[in-house]
$ cat upload.cif   # mmCIF, C-alpha atoms
data_upload
loop_
_atom_site.label_atom_id
_atom_site.label_comp_id
_atom_site.auth_asym_id
_atom_site.auth_seq_id
_atom_site.Cartn_x
_atom_site.Cartn_y
_atom_site.Cartn_z
CA MET A 8 130.22 126.03 93.33
CA LEU A 9 128.36 126.50 90.07
CA VAL A 10 130.34 126.51 86.84
CA PRO A 11 128.55 128.53 84.13
CA PRO A 12 128.09 127.54 80.47
CA LEU A 13 130.64 128.83 77.97
CA PHE A 14 130.43 131.73 75.52
CA ASP A 15 127.03 133.02 74.43
CA GLU A 16 125.20 130.16 76.16
CA MET A 17 126.16 131.77 79.44
CA ASN A 18 124.32 134.96 78.51
CA ARG A 19 121.18 133.03 77.71
CA MET A 20 121.32 131.08 80.99
CA ARG A 21 122.32 133.92 83.32
CA LYS A 22 118.78 134.44 84.62
CA LEU A 23 118.28 130.70 85.04
CA LEU A 24 121.49 130.39 87.07
CA ALA A 25 120.55 133.34 89.30
CA ASP A 26 117.14 131.74 89.89
CA VAL A 27 118.80 128.40 90.71
CA MET A 28 121.05 130.11 93.29
CA ARG A 29 118.10 131.86 94.94
CA GLU A 30 116.18 128.59 95.09
CA LEU A 31 119.22 126.79 96.52
CA ASP A 32 119.44 129.47 99.18
CA SER A 33 115.81 128.93 100.14
CA LEU A 34 116.61 125.21 100.46
CA GLY A 35 119.46 126.05 102.83
CA VAL A 36 122.25 125.39 100.34
CA GLY A 37 124.86 128.12 99.87
CA SER A 38 126.32 128.49 96.38
CA PHE A 39 128.48 130.80 94.35
CA LEU A 40 129.12 131.36 90.66
CA PRO A 41 132.67 132.36 89.77
CA ASP A 42 133.52 134.20 86.54
CA LEU A 43 135.84 132.05 84.44
CA PRO A 44 139.10 133.82 83.48
CA GLY A 45 138.53 135.99 80.41
CA THR A 46 134.75 136.17 80.92
CA ASN A 47 132.50 138.77 82.55
CA GLU A 48 134.46 140.85 85.08
CA SER A 49 137.70 138.90 84.74
CA LEU A 50 140.60 141.12 83.67
CA ALA A 51 142.37 138.31 81.80
CA GLU A 52 142.68 138.75 78.02
CA PRO A 53 140.13 136.38 76.42
CA GLU A 54 142.31 135.57 73.39
CA HIS A 55 145.04 134.10 75.63
CA ILE A 56 142.76 131.91 77.71
CA THR A 57 142.91 128.12 77.39
CA LEU A 58 140.81 125.29 78.83
CA VAL A 59 143.68 124.59 81.22
CA ASP A 60 143.43 128.16 82.62
CA TRP A 61 139.77 127.56 83.40
CA GLN A 62 140.47 124.19 84.99
CA LYS A 63 143.30 125.62 87.14
CA ALA A 64 141.23 128.60 88.23
CA LEU A 65 138.34 126.37 89.27
CA GLN A 66 140.71 124.05 91.11
CA VAL A 67 142.22 126.94 93.11
CA CYS A 68 138.73 128.25 93.80
CA ALA A 69 137.54 124.86 95.04
CA GLN A 70 140.58 124.45 97.30
CA GLN A 71 140.36 127.96 98.70
CA HIS A 72 136.71 127.57 99.65
CA LYS A 73 136.97 123.85 100.57
CA ILE A 74 134.35 122.91 98.01
CA SER A 75 133.41 119.25 97.68
CA HIS A 76 130.47 119.56 95.26
CA ILE A 77 130.73 121.21 91.85
CA ALA A 78 127.70 121.70 89.58
CA SER A 79 128.34 122.62 85.96
CA PHE A 80 126.06 123.65 83.13
CA ARG A 81 126.47 122.83 79.41
CA GLY A 82 130.04 123.62 78.23
CA GLY A 83 131.03 124.40 81.82
CA ALA A 84 131.63 120.64 82.17
CA LEU A 85 134.63 121.03 79.83
CA ALA A 86 136.24 123.53 82.22
CA LEU A 87 136.00 121.24 85.26
CA PRO A 88 139.27 120.35 87.01
CA GLU A 89 139.90 116.81 88.14
CA ILE A 90 139.76 116.85 91.94
CA PRO A 91 139.85 113.31 93.40
CA SER A 92 137.62 114.12 96.38
CA ALA A 93 135.08 116.17 94.42
CA HIS A 94 131.54 115.22 93.48
CA TYR A 95 130.35 116.48 90.10
CA TRP A 96 126.82 117.39 89.03
CA ILE A 97 126.66 117.97 85.29
CA PHE A 98 123.70 119.52 83.50
CA SER A 99 123.16 118.92 79.77
CA PRO A 100 126.88 118.62 78.96
CA VAL A 101 128.04 119.34 75.43
CA LYS A 102 131.17 118.48 73.44
CA GLY A 103 133.54 121.33 72.62
CA ALA A 104 133.26 120.60 68.89
CA THR A 105 129.48 121.13 69.01
CA LEU A 106 129.89 124.54 70.68
CA LEU A 107 132.46 125.60 68.09
CA ARG A 108 130.35 124.40 65.16
CA MET A 109 127.33 126.29 66.45
CA MET A 110 129.33 129.51 66.81
CA MET A 111 131.02 129.07 63.43
CA ARG A 112 127.64 128.53 61.72
CA THR A 113 126.32 131.68 63.36
CA LYS A 114 129.36 133.58 62.10
CA VAL A 115 128.90 132.18 58.58
CA ALA A 116 125.24 133.27 58.66
CA ALA A 117 126.11 136.76 59.94
CA ASP A 118 128.81 137.15 57.27
CA ARG A 119 126.39 136.06 54.58
CA GLU A 120 123.94 138.78 55.64
CA ALA A 121 126.84 141.25 55.38
CA GLY A 122 127.49 140.03 51.82
CA LEU A 123 130.58 137.95 52.65
CA THR A 124 131.02 134.30 51.76
CA THR A 125 132.71 132.45 54.61
CA THR A 126 132.76 128.71 55.23
CA ILE A 127 133.30 126.68 58.39
CA GLY A 128 136.51 125.41 56.76
CA ASP A 129 137.81 129.00 56.33
CA LEU A 130 137.07 129.80 59.96
CA SER A 131 138.85 126.67 61.23
CA THR A 132 141.92 127.62 59.19
CA ARG A 133 141.88 131.18 60.53
CA ALA A 134 141.42 129.93 64.10
CA ALA A 135 144.64 127.91 63.83
CA SER A 136 146.81 130.97 63.19
CA GLY A 137 145.32 133.65 65.43
CA PRO A 138 142.46 134.67 67.67
CA LEU A 139 139.08 134.25 66.00
CA GLU A 140 136.01 136.25 66.93
CA LEU A 141 132.98 133.99 67.16
CA ALA A 142 129.61 135.25 68.38
CA GLY A 143 131.34 138.10 70.20
CA ASN A 144 133.98 135.90 71.85
CA MET A 145 137.69 136.07 71.10
CA ILE A 146 138.96 132.50 70.91
CA GLY A 147 142.71 131.94 70.72
CA PRO A 148 144.28 129.12 68.69
CA ASP A 149 145.07 127.02 71.79
CA LEU A 150 141.54 127.20 73.16
CA PHE A 151 140.11 126.44 69.71
CA THR A 152 142.27 123.32 69.33
CA GLN A 153 141.44 122.14 72.85
CA LEU A 154 137.71 122.65 72.35
CA GLU A 155 137.75 120.75 69.06
CA VAL A 156 138.66 117.56 70.93
CA ALA A 157 137.09 118.31 74.33
CA GLN A 158 134.77 115.46 75.34
CA ILE A 159 132.18 115.32 78.10
CA PRO A 160 133.95 114.19 81.28
CA GLU A 161 133.09 110.87 82.88
CA TRP A 162 134.10 110.76 86.50
CA GLU A 163 133.34 108.19 89.12
CA LYS A 164 131.41 110.54 91.38
CA GLN A 165 129.32 112.20 88.72
CA ARG A 166 125.58 112.81 88.33
CA THR A 167 124.50 113.71 84.81
CA VAL A 168 121.17 115.49 84.48
CA ARG A 169 119.44 116.25 81.20
CA LEU A 170 116.13 117.64 80.00
CA ASP A 171 113.14 115.36 79.47
CA SER A 172 113.34 116.09 75.74
CA ASP A 173 116.99 114.98 75.54
CA GLN A 174 117.49 111.36 74.48
CA LYS A 175 121.12 110.98 75.58
CA PRO A 176 122.09 108.86 78.60
CA ALA A 177 121.51 110.55 81.97
CA ASP A 178 121.16 109.71 85.66
CA ALA A 179 118.12 111.94 85.97
CA ARG A 180 115.85 114.02 83.75
CA ILE A 181 114.00 117.21 84.57
CA PRO A 182 111.23 119.02 82.69
CA GLY A 183 112.17 122.27 80.99
CA SER A 184 113.27 123.94 77.80
CA PRO A 185 116.77 124.39 76.38
CA LEU A 186 117.08 128.14 77.07
CA TRP A 187 120.65 128.11 75.72
CA LEU A 188 119.33 127.51 72.19
CA ARG A 189 116.97 130.48 72.16
CA ALA A 190 117.73 133.59 70.16
CA GLU A 191 116.46 135.73 73.05
CA PRO A 192 117.43 135.18 76.70
CA ASP A 193 114.49 133.79 78.65
CA ASP A 194 113.78 132.15 81.97
CA ASP A 195 111.94 129.04 83.11
CA PRO A 196 111.07 129.25 86.82
CA ALA A 197 109.83 125.64 87.04
CA MET A 198 113.09 124.41 85.53
CA SER A 199 115.21 126.53 87.94
CA VAL A 200 113.33 125.02 90.87
CA ALA A 201 113.73 121.47 89.49
CA ILE A 202 117.48 122.02 89.03
CA ALA A 203 117.95 123.49 92.52
CA ARG A 204 116.00 120.64 94.13
CA ASP A 205 118.06 118.01 92.32
CA ILE A 206 121.30 119.73 93.39
CA ALA A 207 120.10 120.05 97.00
CA VAL A 208 119.25 116.33 97.19
CA TRP A 209 122.56 115.40 95.55
CA ILE A 210 124.60 117.51 97.99
CA THR A 211 122.94 116.04 101.06
CA ALA A 212 122.99 112.44 99.77
CA MET B 10 122.34 105.63 83.47
CA GLN B 11 119.15 105.32 81.49
CA ASN B 12 119.78 103.95 78.03
CA GLU B 13 119.81 106.05 74.93
CA VAL B 14 116.55 105.94 72.99
CA THR B 15 116.77 105.99 69.21
CA LEU B 16 115.02 108.99 67.78
CA THR B 17 113.40 108.97 64.34
CA PRO B 18 114.66 111.77 62.08
CA GLU B 19 111.16 113.23 61.90
CA ALA B 20 110.78 113.29 65.69
CA ALA B 21 114.21 114.90 65.97
CA VAL B 22 113.32 117.63 63.48
CA ARG B 23 110.07 118.38 65.35
CA ALA B 24 111.84 118.47 68.73
CA VAL B 25 114.64 120.71 67.47
CA MET B 26 112.17 123.14 65.86
CA GLN B 27 110.28 123.35 69.14
CA ASP B 28 113.44 123.85 71.21
CA ILE B 29 115.22 126.34 68.97
CA LEU B 30 112.28 128.42 67.84
CA GLY B 31 110.46 128.27 71.16
CA LEU B 32 107.30 126.97 69.47
CA SER B 33 104.61 125.09 71.39
CA ALA B 34 104.35 121.31 71.21
CA GLU B 35 100.89 121.69 69.62
CA GLN B 36 102.19 124.03 66.94
CA VAL B 37 105.01 121.64 66.03
CA ALA B 38 102.73 118.58 66.13
CA ASP B 39 100.54 120.23 63.48
CA PHE B 40 103.42 120.45 60.99
CA THR B 41 102.89 118.37 57.86
CA SER B 42 105.32 117.76 55.02
CA GLU B 43 103.73 120.71 53.16
CA THR B 44 104.10 123.16 56.04
CA GLU B 45 106.16 126.14 54.87
CA LEU B 46 109.09 127.10 57.04
CA PHE B 47 111.49 129.80 55.81
CA GLY B 48 109.53 132.99 55.32
CA ALA B 49 106.41 131.57 57.01
CA LEU B 50 107.87 131.26 60.51
CA PRO B 51 109.19 134.64 61.70
CA GLU B 52 111.26 132.88 64.37
CA LEU B 53 113.26 131.03 61.72
CA ASP B 54 116.03 133.49 60.80
CA SER B 55 119.55 132.66 59.65
CA MET B 56 120.84 132.48 63.24
CA ALA B 57 118.10 130.00 64.13
CA VAL B 58 119.08 127.95 61.07
CA ALA B 59 122.64 127.73 62.44
CA GLY B 60 121.33 126.40 65.74
CA LEU B 61 118.90 124.05 64.07
CA LEU B 62 121.57 122.38 61.93
CA THR B 63 123.98 121.98 64.84
CA GLU B 64 121.32 120.49 67.12
CA LEU B 65 120.21 118.07 64.38
CA GLU B 66 123.83 116.95 63.96
CA ASP B 67 124.13 116.41 67.68
CA ARG B 68 120.85 114.56 68.18
CA LEU B 69 121.03 112.35 65.08
CA ASP B 70 124.80 111.89 65.20
CA ILE B 71 125.28 113.19 61.63
CA MET B 72 127.53 115.79 60.00
CA ILE B 73 126.03 118.41 57.70
CA GLU B 74 128.41 120.19 55.32
CA ASP B 75 128.02 123.84 54.27
CA ASP B 76 127.36 122.97 50.62
CA GLU B 77 124.46 120.64 51.51
CA VAL B 78 122.46 123.54 52.90
CA ASP B 79 120.48 125.62 50.42
CA GLY B 80 117.28 127.63 50.44
CA GLU B 81 115.24 124.65 49.31
CA LEU B 82 116.11 122.69 52.45
CA PHE B 83 114.14 125.09 54.66
CA GLU B 84 111.26 125.64 52.24
CA THR B 85 109.01 123.03 53.83
CA PHE B 86 108.98 120.77 56.86
CA GLY B 87 108.90 117.79 54.48
CA ASN B 88 112.14 118.85 52.79
CA LEU B 89 113.92 119.13 56.10
CA VAL B 90 112.66 115.73 57.32
CA ALA B 91 113.62 114.09 54.02
CA PHE B 92 117.10 115.58 54.31
CA ALA B 93 117.48 114.32 57.91
CA GLU B 94 116.29 110.85 56.85
CA MET B 95 118.80 110.81 54.01
CA LYS B 96 121.64 111.86 56.33
CA VAL B 97 121.04 109.16 58.96
CA THR B 98 121.22 106.41 56.33
CA GLU B 99 124.52 107.72 54.91
#

$ encode --input "upload.cif" --output "structure tokens"
Amino acid sequence: MLVPPLFDEMNRMRKLLADVMRELDSLGVGSFLPDLPGTNESLAEPEHITLVDWQKALQVCAQQHKISHIASFRGGALALPEIPSAHYWIFSPVKGATLLRMMMRTKVAADREAGLTTTIGDLSTRAASGPLELAGNMIGPDLFTQLEVAQIPEWEKQRTVRLDSDQKPADARIPGSPLWLRAEPDDDPAMSVAIARDIAVWITA
Amino acid sequence: MQNEVTLTPEAAVRAVMQDILGLSAEQVADFTSETELFGALPELDSMAVAGLLTELEDRLDIMIEDDEVDGELFETFGNLVAFAEMKVTE
């Protein structure tokens, strides 16, 4: 099971994830990519979604399909449920606070271009009392509060993979570019292949 | 786990510019303190600035407040590096 990145990072990594799944298939590894509640084709109302909803949904999904290996990308690591028997593969994980800050800055910049003066402080205050729209995502107060403190998980059976250019601790590094930071969605075929190969080796280990 | 490597502020600024703006390593390596940024690099719009600041915070373990960011900061590469160097010693 692949757990996608959160919010706008998912849009910028959609092609990469599809390429990873195709490459996994060619390596004989079946995979699937569920939509988190409140995202994509999910009918759940985004402003009522919490981190716990995502964790529960992924847990049910894993049980239903008897999944032992879960690979997550970026903020997807924050949505992972704790399943004692599961093995986790985590790509370039990010703290919830970093994701929020990035989206709030983008909102501040967009408002400024529209002639409005907004600050990150204003947005945090507004997020506490009602749903806040950030980079096209409706984020409810509960999700906002949970993301503010959400840390990168550290499980026993966990493999953390980062990009070569990333200095943070990791079990393995792969060459590539941080597509989730780009203004325009892009792909990186070599990186997709490197990711799929690492996952395939990890699953069969 | 491989240990964390300490990154100099200047190296971090170069790496973040390359990652966010999608510039080549050669292009970024040619940046000097006089290199003009805002207005000279079409890729550097206000959305890219938001990403740049957040990534710098993350990689250098610093916090940048709204009121510390002004037009001057993104005038030249040197200004941005000097700001990053100042923040890591705070």

$ atom_distance --input "upload.cif" --atom1 "CA of Glu163 (chain A)" --atom2 "CA of His72 (chain A)"
22.3 Å

$ closest_atom_pairs --input "upload.cif" --of "chain A" --to "chain B" --cutoff "7 Å" --atoms "all atoms listed in the file" --output "CSV"
residue,atom,partner,partner_atom,distance
A:Thr105,CA,B:Thr63,CA,7.0
A:Arg108,CA,B:Thr63,CA,6.8
A:Met109,CA,B:Thr63,CA,5.7
A:Arg112,CA,B:Ala59,CA,5.1
A:Thr113,CA,B:Ala59,CA,5.5
A:Ala116,CA,B:Ser55,CA,5.8
A:Thr126,CA,B:Asp75,CA,6.9
A:Gln174,CA,B:Val14,CA,5.7
A:Lys175,CA,B:Glu13,CA,5.1
A:Pro176,CA,B:Glu13,CA,5.2
A:Ala177,CA,B:Met10,CA,5.2
A:Asp178,CA,B:Met10,CA,4.8
A:Ser184,CA,B:Asp28,CA,6.6
A:Pro185,CA,B:Asp28,CA,6.2
A:Leu188,CA,B:Ile29,CA,5.4
A:Arg189,CA,B:Ile29,CA,5.5

$ atom_distance --input "upload.cif" --atom1 "CA of Ile181 (chain A)" --atom2 "CA of Phe86 (chain B)"
28.4 Å

$ resolve_selection --input "upload.cif" --expression "the PyMOL selection byres ((chain A and resi 143-146) around 8)" --output "NGL selection string"
:A and (14-15 or 53-56 or 134 or 138-142 or 147-148 or 150-151)

$ resolve_selection --input "upload.cif" --expression "the PyMOL selection byres ((chain B and resi 98) around 12)" --output "PyMOL selection string"
chain B and resi 17-18+69-72+91-97+99

$ atom_distance --input "upload.cif" --atom1 "CA of Ile73 (chain B)" --atom2 "CA of Thr125 (chain A)"
15.9 Å

$ resolve_selection --input "upload.cif" --expression "the PyMOL selection byres ((chain A and resi 26) around 9)" --output "ChimeraX atom specification"
/A:21-25,27-31,194-196,199-200,203

$ residues_around --input "upload.cif" --residues "Arg23 (chain B)" --least-positions-apart "4" --cutoff "8 Å" --atoms "only C-alpha atoms" --output "short mmCIF file (atom, residue, chain, number, x, y, z; two decimals) with C-alpha atoms, in the frame of the given file"
data_model
loop_
_atom_site.label_atom_id
_atom_site.label_comp_id
_atom_site.auth_asym_id
_atom_site.auth_seq_id
_atom_site.Cartn_x
_atom_site.Cartn_y
_atom_site.Cartn_z
CA GLU B 19 111.16 113.23 61.90
CA GLN B 27 110.28 123.35 69.14
CA VAL B 37 105.01 121.64 66.03
CA ALA B 38 102.73 118.58 66.13
#

$ residues_near_point --input "upload.cif" --point "(102.1, 118.2, 57.2)" --cutoff "12 Å" --atoms "only C-alpha atoms" --output "number ranges by chain"
B: 19, 23, 36-46, 85-90
